[in-house]
>>> print(open('target_3.txt').read())   # compact mmCIF, N, CA and C atoms
# COMPACT_ATOMS: atom_id res chain seq x y z
N GLU A 19 104.32 129.54 101.83
CA GLU A 19 104.38 128.33 101.06
C GLU A 19 103.32 128.32 99.97
N SER A 20 102.09 128.67 100.32
CA SER A 20 101.04 128.65 99.29
C SER A 20 101.30 129.69 98.22
N LEU A 21 101.91 130.81 98.58
CA LEU A 21 102.24 131.83 97.59
C LEU A 21 103.27 131.29 96.60
N ALA A 22 104.30 130.62 97.08
CA ALA A 22 105.33 130.06 96.21
C ALA A 22 104.74 128.99 95.30
N VAL A 23 103.94 128.09 95.86
CA VAL A 23 103.33 127.03 95.06
C VAL A 23 102.41 127.62 94.01
N SER A 24 101.62 128.59 94.38
CA SER A 24 100.70 129.23 93.45
C SER A 24 101.45 129.94 92.32
N GLN A 25 102.52 130.63 92.64
CA GLN A 25 103.28 131.36 91.62
C GLN A 25 103.95 130.41 90.63
N VAL A 26 104.43 129.27 91.11
CA VAL A 26 105.14 128.34 90.24
C VAL A 26 104.19 127.42 89.48
N LEU A 27 103.16 126.90 90.15
CA LEU A 27 102.29 125.89 89.55
C LEU A 27 100.90 126.38 89.16
N GLY A 28 100.54 127.59 89.57
CA GLY A 28 99.20 128.08 89.30
C GLY A 28 98.20 127.47 90.25
N ASN A 29 96.93 127.53 89.90
CA ASN A 29 95.90 127.01 90.81
C ASN A 29 95.13 125.84 90.20
N GLN A 30 95.76 125.10 89.28
CA GLN A 30 95.11 123.95 88.66
C GLN A 30 95.69 122.61 89.12
N VAL A 31 96.83 122.65 89.80
CA VAL A 31 97.50 121.42 90.23
C VAL A 31 97.01 121.05 91.64
N PRO A 32 96.51 119.83 91.85
CA PRO A 32 96.04 119.44 93.18
C PRO A 32 97.16 119.56 94.22
N ALA A 33 96.83 120.07 95.39
CA ALA A 33 97.81 120.29 96.46
C ALA A 33 97.34 119.59 97.73
N SER A 34 98.31 119.09 98.49
CA SER A 34 98.00 118.40 99.73
C SER A 34 99.19 118.52 100.67
N SER A 35 98.93 118.33 101.94
CA SER A 35 99.99 118.25 102.94
C SER A 35 99.81 116.94 103.68
N THR A 36 100.89 116.17 103.78
CA THR A 36 100.78 114.89 104.48
C THR A 36 101.07 115.01 105.97
N LYS A 37 101.50 116.17 106.43
CA LYS A 37 101.83 116.33 107.84
C LYS A 37 100.67 115.97 108.78
N PRO A 38 99.42 116.36 108.48
CA PRO A 38 98.33 115.95 109.37
C PRO A 38 98.11 114.43 109.41
N LEU A 39 98.59 113.72 108.40
CA LEU A 39 98.44 112.26 108.37
C LEU A 39 99.54 111.54 109.15
N THR A 40 100.71 112.19 109.26
CA THR A 40 101.87 111.52 109.86
C THR A 40 102.35 112.16 111.16
N GLY A 41 101.92 113.37 111.44
CA GLY A 41 102.40 114.07 112.62
C GLY A 41 103.64 114.90 112.31
N HIS A 42 104.15 115.54 113.31
CA HIS A 42 105.31 116.42 113.16
C HIS A 42 106.57 115.59 113.39
N THR A 43 107.10 115.02 112.33
CA THR A 43 108.21 114.08 112.42
C THR A 43 109.58 114.72 112.27
N LEU A 44 109.62 116.05 112.14
CA LEU A 44 110.86 116.80 111.99
C LEU A 44 111.72 116.23 110.86
N GLY A 45 112.90 115.70 111.16
CA GLY A 45 113.85 115.26 110.15
C GLY A 45 113.36 114.15 109.26
N ALA A 46 112.41 113.35 109.71
CA ALA A 46 111.92 112.23 108.91
C ALA A 46 110.81 112.64 107.95
N SER A 47 110.28 113.84 108.07
CA SER A 47 109.11 114.22 107.28
C SER A 47 109.37 114.16 105.78
N GLY A 48 110.53 114.59 105.32
CA GLY A 48 110.84 114.54 103.89
C GLY A 48 110.88 113.12 103.37
N ALA A 49 111.48 112.21 104.14
CA ALA A 49 111.56 110.81 103.73
C ALA A 49 110.18 110.16 103.71
N ILE A 50 109.37 110.46 104.72
CA ILE A 50 108.02 109.89 104.77
C ILE A 50 107.19 110.40 103.59
N GLU A 51 107.28 111.68 103.31
CA GLU A 51 106.51 112.21 102.19
C GLU A 51 107.02 111.67 100.86
N ALA A 52 108.32 111.47 100.72
CA ALA A 52 108.86 110.86 99.50
C ALA A 52 108.29 109.45 99.31
N ALA A 53 108.19 108.69 100.41
CA ALA A 53 107.61 107.35 100.33
C ALA A 53 106.14 107.42 99.91
N LEU A 54 105.39 108.36 100.47
CA LEU A 54 103.98 108.51 100.08
C LEU A 54 103.86 108.91 98.61
N CYS A 55 104.76 109.77 98.14
CA CYS A 55 104.75 110.15 96.72
C CYS A 55 105.03 108.94 95.83
N TRP A 56 105.96 108.10 96.25
CA TRP A 56 106.27 106.89 95.50
C TRP A 56 105.04 105.98 95.43
N ILE A 57 104.33 105.85 96.54
CA ILE A 57 103.11 105.03 96.55
C ILE A 57 102.07 105.61 95.59
N VAL A 58 101.92 106.93 95.57
CA VAL A 58 100.97 107.57 94.65
C VAL A 58 101.32 107.24 93.21
N LEU A 59 102.62 107.19 92.89
CA LEU A 59 103.05 106.93 91.52
C LEU A 59 103.03 105.45 91.14
N SER A 60 103.34 104.57 92.08
CA SER A 60 103.57 103.18 91.68
C SER A 60 102.56 102.16 92.21
N GLY A 61 102.03 102.36 93.37
CA GLY A 61 101.13 101.36 93.96
C GLY A 61 99.77 101.93 94.21
N ASN A 62 99.18 102.53 93.21
CA ASN A 62 97.97 103.31 93.41
C ASN A 62 96.95 103.02 92.29
N PRO A 63 96.41 101.81 92.23
CA PRO A 63 95.51 101.48 91.13
C PRO A 63 94.21 102.30 91.11
N GLN A 64 93.86 102.90 92.25
CA GLN A 64 92.64 103.70 92.30
C GLN A 64 92.91 105.18 92.05
N GLN A 65 94.18 105.52 91.79
CA GLN A 65 94.58 106.87 91.41
C GLN A 65 94.17 107.93 92.43
N GLN A 66 94.34 107.58 93.71
CA GLN A 66 94.00 108.52 94.77
C GLN A 66 95.21 109.36 95.15
N LEU A 67 94.93 110.54 95.68
CA LEU A 67 95.97 111.42 96.21
C LEU A 67 95.81 111.51 97.72
N PRO A 68 96.90 111.76 98.45
CA PRO A 68 96.76 111.95 99.90
C PRO A 68 95.85 113.14 100.17
N PRO A 69 94.87 112.99 101.04
CA PRO A 69 93.96 114.11 101.31
C PRO A 69 94.62 115.20 102.12
N HIS A 70 94.11 116.39 101.97
CA HIS A 70 94.59 117.54 102.75
C HIS A 70 93.60 117.78 103.89
N TRP A 71 93.98 117.39 105.11
CA TRP A 71 93.12 117.59 106.27
C TRP A 71 93.45 118.94 106.88
N TRP A 72 92.44 119.77 107.05
CA TRP A 72 92.65 121.09 107.63
C TRP A 72 91.38 121.57 108.30
N ASP A 73 91.47 122.72 108.94
CA ASP A 73 90.31 123.23 109.69
C ASP A 73 89.29 123.94 108.82
N GLY A 74 89.57 124.11 107.53
CA GLY A 74 88.62 124.73 106.62
C GLY A 74 88.59 126.24 106.67
N VAL A 75 89.48 126.85 107.45
CA VAL A 75 89.52 128.30 107.56
C VAL A 75 90.67 128.82 106.68
N ALA A 76 90.32 129.41 105.56
CA ALA A 76 91.33 129.92 104.63
C ALA A 76 91.79 131.30 105.04
N ASP A 77 93.05 131.60 104.77
CA ASP A 77 93.61 132.92 105.02
C ASP A 77 93.35 133.76 103.77
N PRO A 78 92.54 134.80 103.85
CA PRO A 78 92.20 135.58 102.65
C PRO A 78 93.40 136.30 102.03
N ALA A 79 94.49 136.43 102.76
CA ALA A 79 95.69 137.08 102.23
C ALA A 79 96.52 136.16 101.34
N LEU A 80 96.19 134.86 101.34
CA LEU A 80 96.97 133.90 100.57
C LEU A 80 96.17 133.38 99.38
N PRO A 81 96.87 133.00 98.30
CA PRO A 81 96.14 132.46 97.15
C PRO A 81 95.51 131.11 97.49
N ALA A 82 94.34 130.88 96.95
CA ALA A 82 93.65 129.60 97.16
C ALA A 82 94.29 128.54 96.28
N LEU A 83 94.58 127.39 96.89
CA LEU A 83 95.11 126.26 96.15
C LEU A 83 94.02 125.19 96.05
N PRO A 84 94.04 124.38 95.00
CA PRO A 84 93.05 123.30 94.88
C PRO A 84 93.44 122.14 95.80
N LEU A 85 93.01 122.21 97.05
CA LEU A 85 93.37 121.23 98.05
C LEU A 85 92.63 119.91 97.81
N VAL A 86 93.32 118.81 98.01
CA VAL A 86 92.78 117.48 97.74
C VAL A 86 91.81 117.09 98.85
N ALA A 87 90.58 116.83 98.49
CA ALA A 87 89.58 116.36 99.45
C ALA A 87 89.74 114.85 99.65
N PRO A 88 89.31 114.34 100.80
CA PRO A 88 89.38 112.89 101.03
C PRO A 88 88.69 112.12 99.91
N ALA A 89 89.28 110.99 99.53
CA ALA A 89 88.77 110.08 98.50
C ALA A 89 88.81 110.66 97.09
N THR A 90 89.58 111.73 96.87
CA THR A 90 89.73 112.29 95.53
C THR A 90 90.47 111.30 94.64
N ARG A 91 89.93 111.08 93.47
CA ARG A 91 90.57 110.21 92.48
C ARG A 91 90.83 111.00 91.21
N LEU A 92 91.96 110.74 90.61
CA LEU A 92 92.31 111.40 89.36
C LEU A 92 91.70 110.66 88.19
N ALA A 93 91.47 111.36 87.09
CA ALA A 93 90.92 110.74 85.89
C ALA A 93 91.94 109.78 85.27
N GLN A 94 93.21 110.06 85.45
CA GLN A 94 94.26 109.18 84.95
C GLN A 94 95.36 109.08 85.98
N ALA A 95 96.16 108.06 85.89
CA ALA A 95 97.23 107.85 86.86
C ALA A 95 98.21 109.02 86.82
N PRO A 96 98.61 109.52 87.99
CA PRO A 96 99.57 110.62 88.00
C PRO A 96 100.92 110.16 87.46
N ARG A 97 101.57 111.04 86.75
CA ARG A 97 102.89 110.71 86.19
C ARG A 97 104.01 111.38 86.97
N ARG A 98 103.71 112.54 87.56
CA ARG A 98 104.72 113.29 88.31
C ARG A 98 104.12 113.79 89.61
N VAL A 99 104.96 113.87 90.64
CA VAL A 99 104.58 114.48 91.91
C VAL A 99 105.75 115.31 92.42
N LEU A 100 105.43 116.31 93.21
CA LEU A 100 106.43 117.13 93.88
C LEU A 100 106.25 117.00 95.38
N SER A 101 107.34 116.90 96.08
CA SER A 101 107.31 116.92 97.53
C SER A 101 108.08 118.16 97.96
N ASN A 102 107.37 119.11 98.55
CA ASN A 102 107.98 120.35 99.01
C ASN A 102 108.25 120.25 100.51
N SER A 103 109.46 120.54 100.91
CA SER A 103 109.81 120.57 102.33
C SER A 103 110.25 121.98 102.68
N PHE A 104 109.37 122.69 103.36
CA PHE A 104 109.67 124.05 103.80
C PHE A 104 109.96 123.97 105.29
N ALA A 105 111.20 124.18 105.65
CA ALA A 105 111.63 123.91 107.03
C ALA A 105 111.92 125.19 107.81
N PHE A 106 112.15 124.98 109.10
CA PHE A 106 112.53 126.08 109.98
C PHE A 106 113.84 126.70 109.51
N GLY A 107 113.96 128.00 109.60
CA GLY A 107 115.21 128.66 109.28
C GLY A 107 115.52 128.78 107.81
N GLY A 108 114.55 128.51 106.95
CA GLY A 108 114.76 128.70 105.52
C GLY A 108 115.42 127.54 104.81
N SER A 109 115.50 126.37 105.42
CA SER A 109 116.04 125.19 104.74
C SER A 109 114.92 124.57 103.93
N ASN A 110 114.90 124.86 102.64
CA ASN A 110 113.81 124.44 101.78
C ASN A 110 114.32 123.50 100.70
N ALA A 111 113.50 122.52 100.34
CA ALA A 111 113.89 121.57 99.29
C ALA A 111 112.63 121.10 98.56
N VAL A 112 112.80 120.73 97.30
CA VAL A 112 111.72 120.17 96.50
C VAL A 112 112.25 118.90 95.85
N LEU A 113 111.52 117.81 96.00
CA LEU A 113 111.86 116.55 95.37
C LEU A 113 110.82 116.28 94.29
N ALA A 114 111.28 116.11 93.06
CA ALA A 114 110.38 115.80 91.96
C ALA A 114 110.55 114.32 91.59
N LEU A 115 109.43 113.60 91.53
CA LEU A 115 109.44 112.19 91.15
C LEU A 115 108.58 112.01 89.92
N GLU A 116 109.03 111.12 89.02
CA GLU A 116 108.29 110.84 87.79
C GLU A 116 108.22 109.34 87.56
N ARG A 117 107.04 108.88 87.19
CA ARG A 117 106.84 107.48 86.82
C ARG A 117 107.14 107.34 85.34
N ARG A 118 107.88 106.32 84.99
CA ARG A 118 108.19 106.09 83.56
C ARG A 118 107.62 104.80 83.08
>>> encode(input="target_3.txt", output="structure tokens")
Amino acid sequence: ESLAVSQVLGNQVPASSTKPLTGHTLGASGAIEAALCWIVLSGNPQQQLPPHWWDGVADPALPALPLVAPATRLAQAPRRVLSNSFAFGGSNAVLALERR
């Protein structure tokens, strides 16, 4: 996943995973993340992004992504977000949302 994200977006776009915040919801995970993305775009006056909670141990074989630290705020309101759903068995989807 990090290899695909790095190849498409480079290493300047903030990255996060909401799974540690919501748990392993299986089929509902895409819908929950879409709702969180909508909140980031529309109801976010402090311009915060969902934090990426992890154990801090990076895999040296994978490209480093700019993971969102807790309480990270953007200099300006985000206009676009991507929700990537990489599922078991190769069922993958990307939802792109844009604020107008």
>>> residues_around(input="target_3.txt", residues="range 64-76 of chain A", least_positions_apart="2", cutoff="6 Å", atoms="only C-alpha atoms", output="PyMOL selection string")
chain A and resi 34-35+62+86-88+90-92+95
>>> closest_atom_pairs(input="target_3.txt", of="range 27-83 of chain A", to="range 99-114 of chain A", cutoff="7 Å", atoms="only C-alpha atoms", output="tab-separated table")
residue	atom	partner	partner_atom	distance
A:Gly48	CA	A:Ser103	CA	6.3
A:Glu51	CA	A:Ser101	CA	6.7
A:Ala52	CA	A:Ser101	CA	6.6
A:Cys55	CA	A:Val99	CA	6.5
>>> write_last_selection(input="target_3.txt", atoms="N, CA and C atoms", output="compact mmCIF listing (two decimals), in the coordinates of the input")
# COMPACT_ATOMS: atom_id res chain seq x y z
N GLY A 48 110.53 114.59 105.32
CA GLY A 48 110.84 114.54 103.89
C GLY A 48 110.88 113.12 103.37
N GLU A 51 107.28 111.68 103.31
CA GLU A 51 106.51 112.21 102.19
C GLU A 51 107.02 111.67 100.86
N ALA A 52 108.32 111.47 100.72
CA ALA A 52 108.86 110.86 99.50
C ALA A 52 108.29 109.45 99.31
N CYS A 55 104.76 109.77 98.14
CA CYS A 55 104.75 110.15 96.72
C CYS A 55 105.03 108.94 95.83
>>> axis_aligned_box(input="target_3.txt", around="range 31-44 of chain A", padding_each_side="6 Å", output="lines of an AutoDock Vina configuration file")
center_x = 103.9
center_y = 117.1
center_z = 101.6
size_x = 27.7
size_y = 23.1
size_z = 35.6
>>> select_by_dssp(input="target_3.txt", residues="range 27-109 of chain A", states="strand (DSSP E)", output="PyMOL selection string")
chain A and resi 98-104
>>> atom_distance(input="target_3.txt", atom1="CA of Ser47 in chain A", atom2="atom N of Leu115 in chain A")
15.8 Å
>>> atom_distance(input="target_3.txt", atom1="CA of Gly45 in chain A", atom2="atom N of Ser20 in chain A")
20.4 Å
>>> residues_near_point(input="target_3.txt", point="(105.1, 100.1, 90.0)", cutoff="12 Å", atoms="only C-alpha atoms", output="list in words")
Trp56, Ile57, Val58, Leu59, Ser60, Gly61, Asn62, Pro63, Ala95, Arg97, Glu116, Arg117 and Arg118 of chain A
>>> atom_distance(input="target_3.txt", atom1="atom N of Gln94 in chain A", atom2="atom N of Pro32 in chain A")
12.1 Å
>>> decode(input="target_3.txt", residues="range 57-107 of chain A", atoms="C-alpha atoms", output="short mmCIF file (atom, residue, chain, number, x, y, z; two decimals), in the first residue's frame")
data_model
loop_
_atom_site.label_atom_id
_atom_site.label_comp_id
_atom_site.auth_asym_id
_atom_site.auth_seq_id
_atom_site.Cartn_x
_atom_site.Cartn_y
_atom_site.Cartn_z
CA ILE A 57 -15.70 15.95 7.99
CA VAL A 58 -12.11 16.93 7.08
CA LEU A 59 -13.44 18.81 4.04
CA SER A 60 -16.58 20.42 5.41
CA GLY A 61 -16.71 20.60 9.20
CA ASN A 62 -13.12 21.27 10.07
CA PRO A 63 -12.49 24.92 11.00
CA GLN A 64 -9.17 24.03 12.63
CA GLN A 65 -7.94 22.30 9.45
CA GLN A 66 -6.89 19.13 11.24
CA LEU A 67 -6.26 15.76 9.63
CA PRO A 68 -6.98 12.37 11.23
CA PRO A 69 -3.78 11.30 13.00
CA HIS A 70 -1.89 8.18 12.02
CA TRP A 71 -1.46 6.08 15.17
CA TRP A 72 1.22 3.42 14.83
CA ASP A 73 3.99 1.68 16.72
CA GLY A 74 6.70 3.91 15.23
CA VAL A 75 8.61 1.00 13.70
CA ALA A 76 9.10 1.67 9.99
CA ASP A 77 9.78 -1.09 7.47
CA PRO A 78 13.05 -0.10 5.74
CA ALA A 79 11.96 -1.95 2.58
CA LEU A 80 9.03 0.44 2.07
CA PRO A 81 9.07 4.11 1.07
CA ALA A 82 8.57 6.57 3.92
CA LEU A 83 5.30 8.48 3.77
CA PRO A 84 4.66 11.79 5.57
CA LEU A 85 2.40 10.33 8.26
CA VAL A 86 0.07 12.73 10.05
CA ALA A 87 1.05 13.29 13.68
CA PRO A 88 -1.66 13.96 16.29
CA ALA A 89 -2.92 17.57 16.30
CA THR A 90 -1.44 18.30 12.86
CA ARG A 91 -3.03 21.36 11.29
CA LEU A 92 -2.78 22.41 7.68
CA ALA A 93 -1.80 25.94 6.67
CA GLN A 94 -4.98 26.14 4.59
CA ALA A 95 -8.21 24.18 4.45
CA PRO A 96 -7.87 20.96 2.47
CA ARG A 97 -9.67 20.97 -0.86
CA ARG A 98 -9.30 17.30 -1.80
CA VAL A 99 -8.91 14.01 0.04
CA LEU A 100 -8.47 10.41 -1.05
CA SER A 101 -9.80 7.40 0.78
CA ASN A 102 -7.93 4.24 -0.19
CA SER A 103 -9.50 0.89 0.63
CA PHE A 104 -7.07 -1.97 0.15
CA ALA A 105 -8.97 -5.13 0.99
CA PHE A 106 -8.43 -8.85 1.34
CA GLY A 107 -8.15 -10.72 -1.95
#
